[in-house]
Amino acid sequence: MSEPRTYRPATIAVASGRPPHEPDRPLNEPITMASTYVAGGEVEYGRYGNPTWTAFENALGQLEGGRCLAFASGLATVATILDLVGQDAKVVAPRHAYNGSLLQLADLEARGRLRAVLVDVADTDAVTAACEDAALVWLESPTNPALEVADLPPIVAAAHEAGAFVVVDNTFATPLLQQPLAQDADIVVHSATKFIAGHSDVLLGALATRDDELYAVLKKRRDMIGAVPGAFETWLALRGLRTLHVRLERAQANAQELVRRLERHAAVAEVRYPGFGAIISVVLDQGALAADLLTHKTRLWVHATSLGGVESSFERRRRWKAEPATIPEGLVRMSVGIEDVEDLWDDLAVVLDELTGS
Ligand SMILES: Cc1ncc(COP(=O)(O)O)c(C=O)c1O
């Protein structure tokens, strides 16, 4: 039987990054615990490579349609990319984004390394206008936690016209719902801690690019800085990646049903949902107090930061001092898991009904 030349995403998630089908080879790439390798080969030392990283990178790279590099965390990936920007360069970035990425930009700006221009990524005209003289256009789409969506093709075109690189943080959409490299972005970034690994037990970052030169520069920087992942972490993330499509399908279906019900509840002032994915942000009518009550009183929903795990979790984002002041005090970011949606709703409804006295 002849092999199809390219597989569909669900098949790539399951089949890629595996050892060859040969007698007595394991089906999965084993965890290689090695700080050093016998001299004379291509790797030599544990900071330069590891077969378990390679298996993970092959799988995620195929899903994103580029060459992938794994990092110690999402923020290690962000830092490695931002380090490429020249002195005093202009960087266009989202006004709402993961606050750790915004903190890195603010820190670099405060130290005179770059000039950050913050934009609403959903306002395409504003973003394209800001591209002039930029060296880097950093996008997150959808944004965390405001869930704004960027229209990538016109923004990428304007950025390239201005001679800027485009980076897209694809953590919320995953390569199953959005493939920025296919829309001509230069680099895709992931907090693989989230949906990719999917079980709230791993910290890991990754990037992918189609540009071989950029790949080489970024690999060199990762290896030089030592922002490298652990073998066990990449193994766990690859194991998680095997079920990404199944997890996401279920979590997204749950999220869409919850959006319908939340929109009808009197305790909820606003539901933000981009129409896809498993993250919902709700703004509660009675503000921070009501949001805190909700996140503390449910039994099934876990009050926790982070997102993208199989279990449903949520938090009031403004409990973090670093969160932008334009995020409403009563906004609760909900990461919808793969439980039975009726149990998820029942758990929420008890507290929401209490808030409205119904
Ligand atoms: C969109 C986004 N990008 C990057 C990060 C940072 O990733 P990590 O926590 O793996 O360092 C996060 C973490 O929450 C995130 O939500």
# chains A, B, ... in the order shown; residues from 1 in each chain; ligands from 1
$ residues_near_ligand --ligand "ligand 1" --cutoff "6 Å" --atoms "only C-alpha atoms and all ligand atoms" --output "PyMOL selection string"
chain A and resi 73-75+98+144+171+191+193+203-205+306
$ select_by_dssp --residues "stretch 8-149 of chain A" --states "alpha helix (DSSP H)" --output "JSON, numbers by chain"
{"A": [9, 10, 11, 12, 13, 14, 15, 51, 52, 53, 54, 55, 56, 57, 58, 59, 60, 61, 62, 63, 64, 74, 75, 76, 77, 78, 79, 80, 81, 82, 99, 100, 101, 102, 103, 104, 105, 106, 107, 108, 109, 110, 124, 125, 126, 127, 128, 129, 130]}
$ select_by_dssp --residues "stretch 17-217 of chain A" --states "strand (DSSP E or B)" --output "ChimeraX atom specification"
/A:36,45,67-71,89-94,114-119,134-140,165-169,187-191,205-209
$ residues_around --residues "stretch 29-33 of chain A" --least-positions-apart "3" --cutoff "7 Å" --atoms "only C-alpha atoms" --output "short mmCIF file (atom, residue, chain, number, x, y, z; two decimals) with N, CA and C atoms, in the first residue's frame"
data_model
loop_
_atom_site.label_atom_id
_atom_site.label_comp_id
_atom_site.auth_asym_id
_atom_site.auth_seq_id
_atom_site.Cartn_x
_atom_site.Cartn_y
_atom_site.Cartn_z
N ARG A 18 7.53 9.49 15.82
CA ARG A 18 7.68 8.11 16.33
C ARG A 18 8.90 7.44 15.69
N PRO A 19 9.49 6.44 16.38
CA PRO A 19 10.57 5.68 15.76
C PRO A 19 10.05 4.95 14.53
N PRO A 26 10.56 0.43 19.93
CA PRO A 26 9.39 0.87 20.70
C PRO A 26 8.48 1.73 19.82
N ASN A 50 18.57 16.45 21.91
CA ASN A 50 18.10 15.28 22.66
C ASN A 50 17.05 14.60 21.79
N PRO A 51 17.14 13.26 21.64
CA PRO A 51 16.19 12.58 20.75
C PRO A 51 14.73 12.76 21.16
N THR A 52 14.48 12.92 22.46
CA THR A 52 13.08 13.10 22.90
C THR A 52 12.57 14.48 22.50
N ALA A 55 11.73 14.30 18.77
CA ALA A 55 10.45 13.65 18.46
C ALA A 55 9.30 14.64 18.65
N ALA A 231 14.01 16.44 29.10
CA ALA A 231 13.59 15.30 28.26
C ALA A 231 12.22 14.79 28.71
N PHE A 232 12.02 14.72 30.03
CA PHE A 232 10.74 14.19 30.54
C PHE A 232 9.58 15.11 30.13
N TRP A 235 8.71 14.62 26.56
CA TRP A 235 8.05 13.31 26.41
C TRP A 235 6.59 13.40 26.83
#
$ atom_distance --atom1 "atom CA of A:Val38" --atom2 "atom CA of A:Trp53"
18.3 Å
$ atom_distance --atom1 "atom CA of A:Ala146" --atom2 "atom CA of A:Pro9"
27.6 Å
$ closest_residue --among "A:Glu329, A:Asp125, A:Asp88, A:Glu42" --to "A:Glu109" --atoms "only C-alpha atoms"
A:Asp88
$ closest_residue --among "A:Glu342, A:Ala173, A:His296, A:Gly226" --to "A:Tyr45" --atoms "only C-alpha atoms"
A:Gly226
$ closest_residue --among "A:Asp120, A:Arg318, A:Gly112, A:Gly86" --to "A:Ala135" --atoms "only C-alpha atoms"
A:Gly86
$ residues_around --residues "A:Arg260" --least-positions-apart "4" --cutoff "12 Å" --atoms "only C-alpha atoms" --output "list in words"
Ala253, Asn254, Ala255, Gln256, Arg264, His265, Val268, Glu270, Val271, Arg272, Tyr273, Gly275, Ile280, Val341 and Trp345 of chain A
$ write_last_selection --atoms "C-alpha atoms" --output "mmCIF file, in the first residue's frame"
data_model
loop_
_atom_site.group_PDB
_atom_site.id
_atom_site.type_symbol
_atom_site.label_atom_id
_atom_site.label_comp_id
_atom_site.auth_asym_id
_atom_site.auth_seq_id
_atom_site.Cartn_x
_atom_site.Cartn_y
_atom_site.Cartn_z
ATOM 1 C CA ALA A 253 -18.065 21.706 22.151
ATOM 2 C CA ASN A 254 -18.385 22.158 25.921
ATOM 3 C CA ALA A 255 -17.291 25.796 25.643
ATOM 4 C CA GLN A 256 -19.828 26.535 22.902
ATOM 5 C CA ARG A 264 -28.726 33.940 29.056
ATOM 6 C CA HIS A 265 -27.799 34.212 32.749
ATOM 7 C CA VAL A 268 -23.373 37.702 33.513
ATOM 8 C CA GLU A 270 -20.724 40.050 29.020
ATOM 9 C CA VAL A 271 -19.495 36.821 27.444
ATOM 10 C CA ARG A 272 -16.365 37.021 25.327
ATOM 11 C CA TYR A 273 -15.813 34.067 23.015
ATOM 12 C CA GLY A 275 -16.408 31.416 18.240
ATOM 13 C CA ILE A 280 -14.270 31.882 27.504
ATOM 14 C CA VAL A 341 -20.954 19.731 30.128
ATOM 15 C CA TRP A 345 -23.019 23.946 34.003
#
$ closest_residue --among "A:Ala197, A:Val149, A:Ala162, A:Ile338" --to "A:Val246" --atoms "only C-alpha atoms"
A:Ile338
$ residues_around --residues "A:Gln87" --least-positions-apart "5" --cutoff "10 Å" --atoms "only C-alpha atoms" --output "list in words"
Gly112, Arg113, Leu114 and Arg115 of chain A
$ residues_around --residues "A:Tyr48" --least-positions-apart "2" --cutoff "10 Å" --atoms "only C-alpha atoms" --output "CSV table (one decimal) with N, CA and C atoms, in the first residue's frame"
chain,number,residue,atom,x,y,z
A,35,SER,N,23.1,14.1,29.7
A,35,SER,CA,23.7,15.5,29.7
A,35,SER,C,24.8,15.5,28.7
A,36,THR,N,25.4,14.3,28.3
A,36,THR,CA,26.5,14.3,27.4
A,36,THR,C,26.5,13.0,26.5
A,42,GLU,N,26.9,14.6,16.1
A,42,GLU,CA,26.4,15.9,15.8
A,42,GLU,C,26.0,16.6,17.1
A,43,VAL,N,25.7,15.9,18.2
A,43,VAL,CA,25.0,16.6,19.3
A,43,VAL,C,26.1,16.9,20.4
A,44,GLU,N,26.8,15.9,20.8
A,44,GLU,CA,27.9,16.1,21.8
A,44,GLU,C,27.5,16.4,23.2
A,45,TYR,N,26.6,17.4,23.4
A,45,TYR,CA,26.3,17.8,24.8
A,45,TYR,C,24.8,18.0,24.9
A,46,GLY,N,24.2,17.8,26.1
A,46,GLY,CA,22.8,17.8,26.3
A,46,GLY,C,22.1,19.2,26.1
A,50,ASN,N,18.6,16.4,21.9
A,50,ASN,CA,18.1,15.3,22.7
A,50,ASN,C,17.1,14.6,21.8
A,219,LYS,N,18.0,28.6,17.1
A,219,LYS,CA,18.5,27.4,17.7
A,219,LYS,C,19.8,27.7,18.4
A,220,LYS,N,20.6,28.5,17.7
A,220,LYS,CA,21.9,28.9,18.3
A,220,LYS,C,21.7,29.7,19.6
A,222,ARG,N,19.0,29.6,21.6
A,222,ARG,CA,18.4,28.7,22.6
A,222,ARG,C,19.5,27.9,23.3
A,223,ASP,N,20.4,27.4,22.5
A,223,ASP,CA,21.5,26.5,23.0
A,223,ASP,C,22.5,27.3,23.8
A,224,MET,N,22.8,28.6,23.3
A,224,MET,CA,23.8,29.4,23.9
A,224,MET,C,23.2,29.9,25.3
A,226,GLY,N,20.8,28.5,26.9
A,226,GLY,CA,20.5,27.3,27.8
A,226,GLY,C,19.0,27.3,28.1
A,228,VAL,N,16.7,25.5,27.4
A,228,VAL,CA,16.3,24.2,26.8
A,228,VAL,C,15.4,23.4,27.7
$ closest_residue --among "A:Gln252, A:Thr143, A:Thr209, A:Thr80" --to "A:Leu177" --atoms "only C-alpha atoms"
A:Gln252
$ closest_residue --among "A:Ser16, A:Thr295, A:Asn58, A:Gln286" --to "A:Leu348" --atoms "only C-alpha atoms"
A:Thr295
$ residues_around --residues "A:Leu294" --least-positions-apart "2" --cutoff "12 Å" --atoms "only C-alpha atoms" --output "MDAnalysis selection string"
chainID A and resid 267:268 282:292 296:303 313:316 330:334 347:355
$ closest_atom_pairs --of "stretch 25-91 of chain A" --to "stretch 103-108 of chain A" --cutoff "10 Å" --atoms "only C-alpha atoms" --output "CSV"
residue,atom,partner,partner_atom,distance
A:Leu75,CA,A:Gln104,CA,8.7
A:Val78,CA,A:Gln104,CA,8.3
A:Ala79,CA,A:Gln104,CA,7.2
A:Leu82,CA,A:Leu105,CA,8.1
A:Asp83,CA,A:Leu108,CA,9.3
A:Asp88,CA,A:Leu108,CA,9.8
A:Val91,CA,A:Leu105,CA,8.7
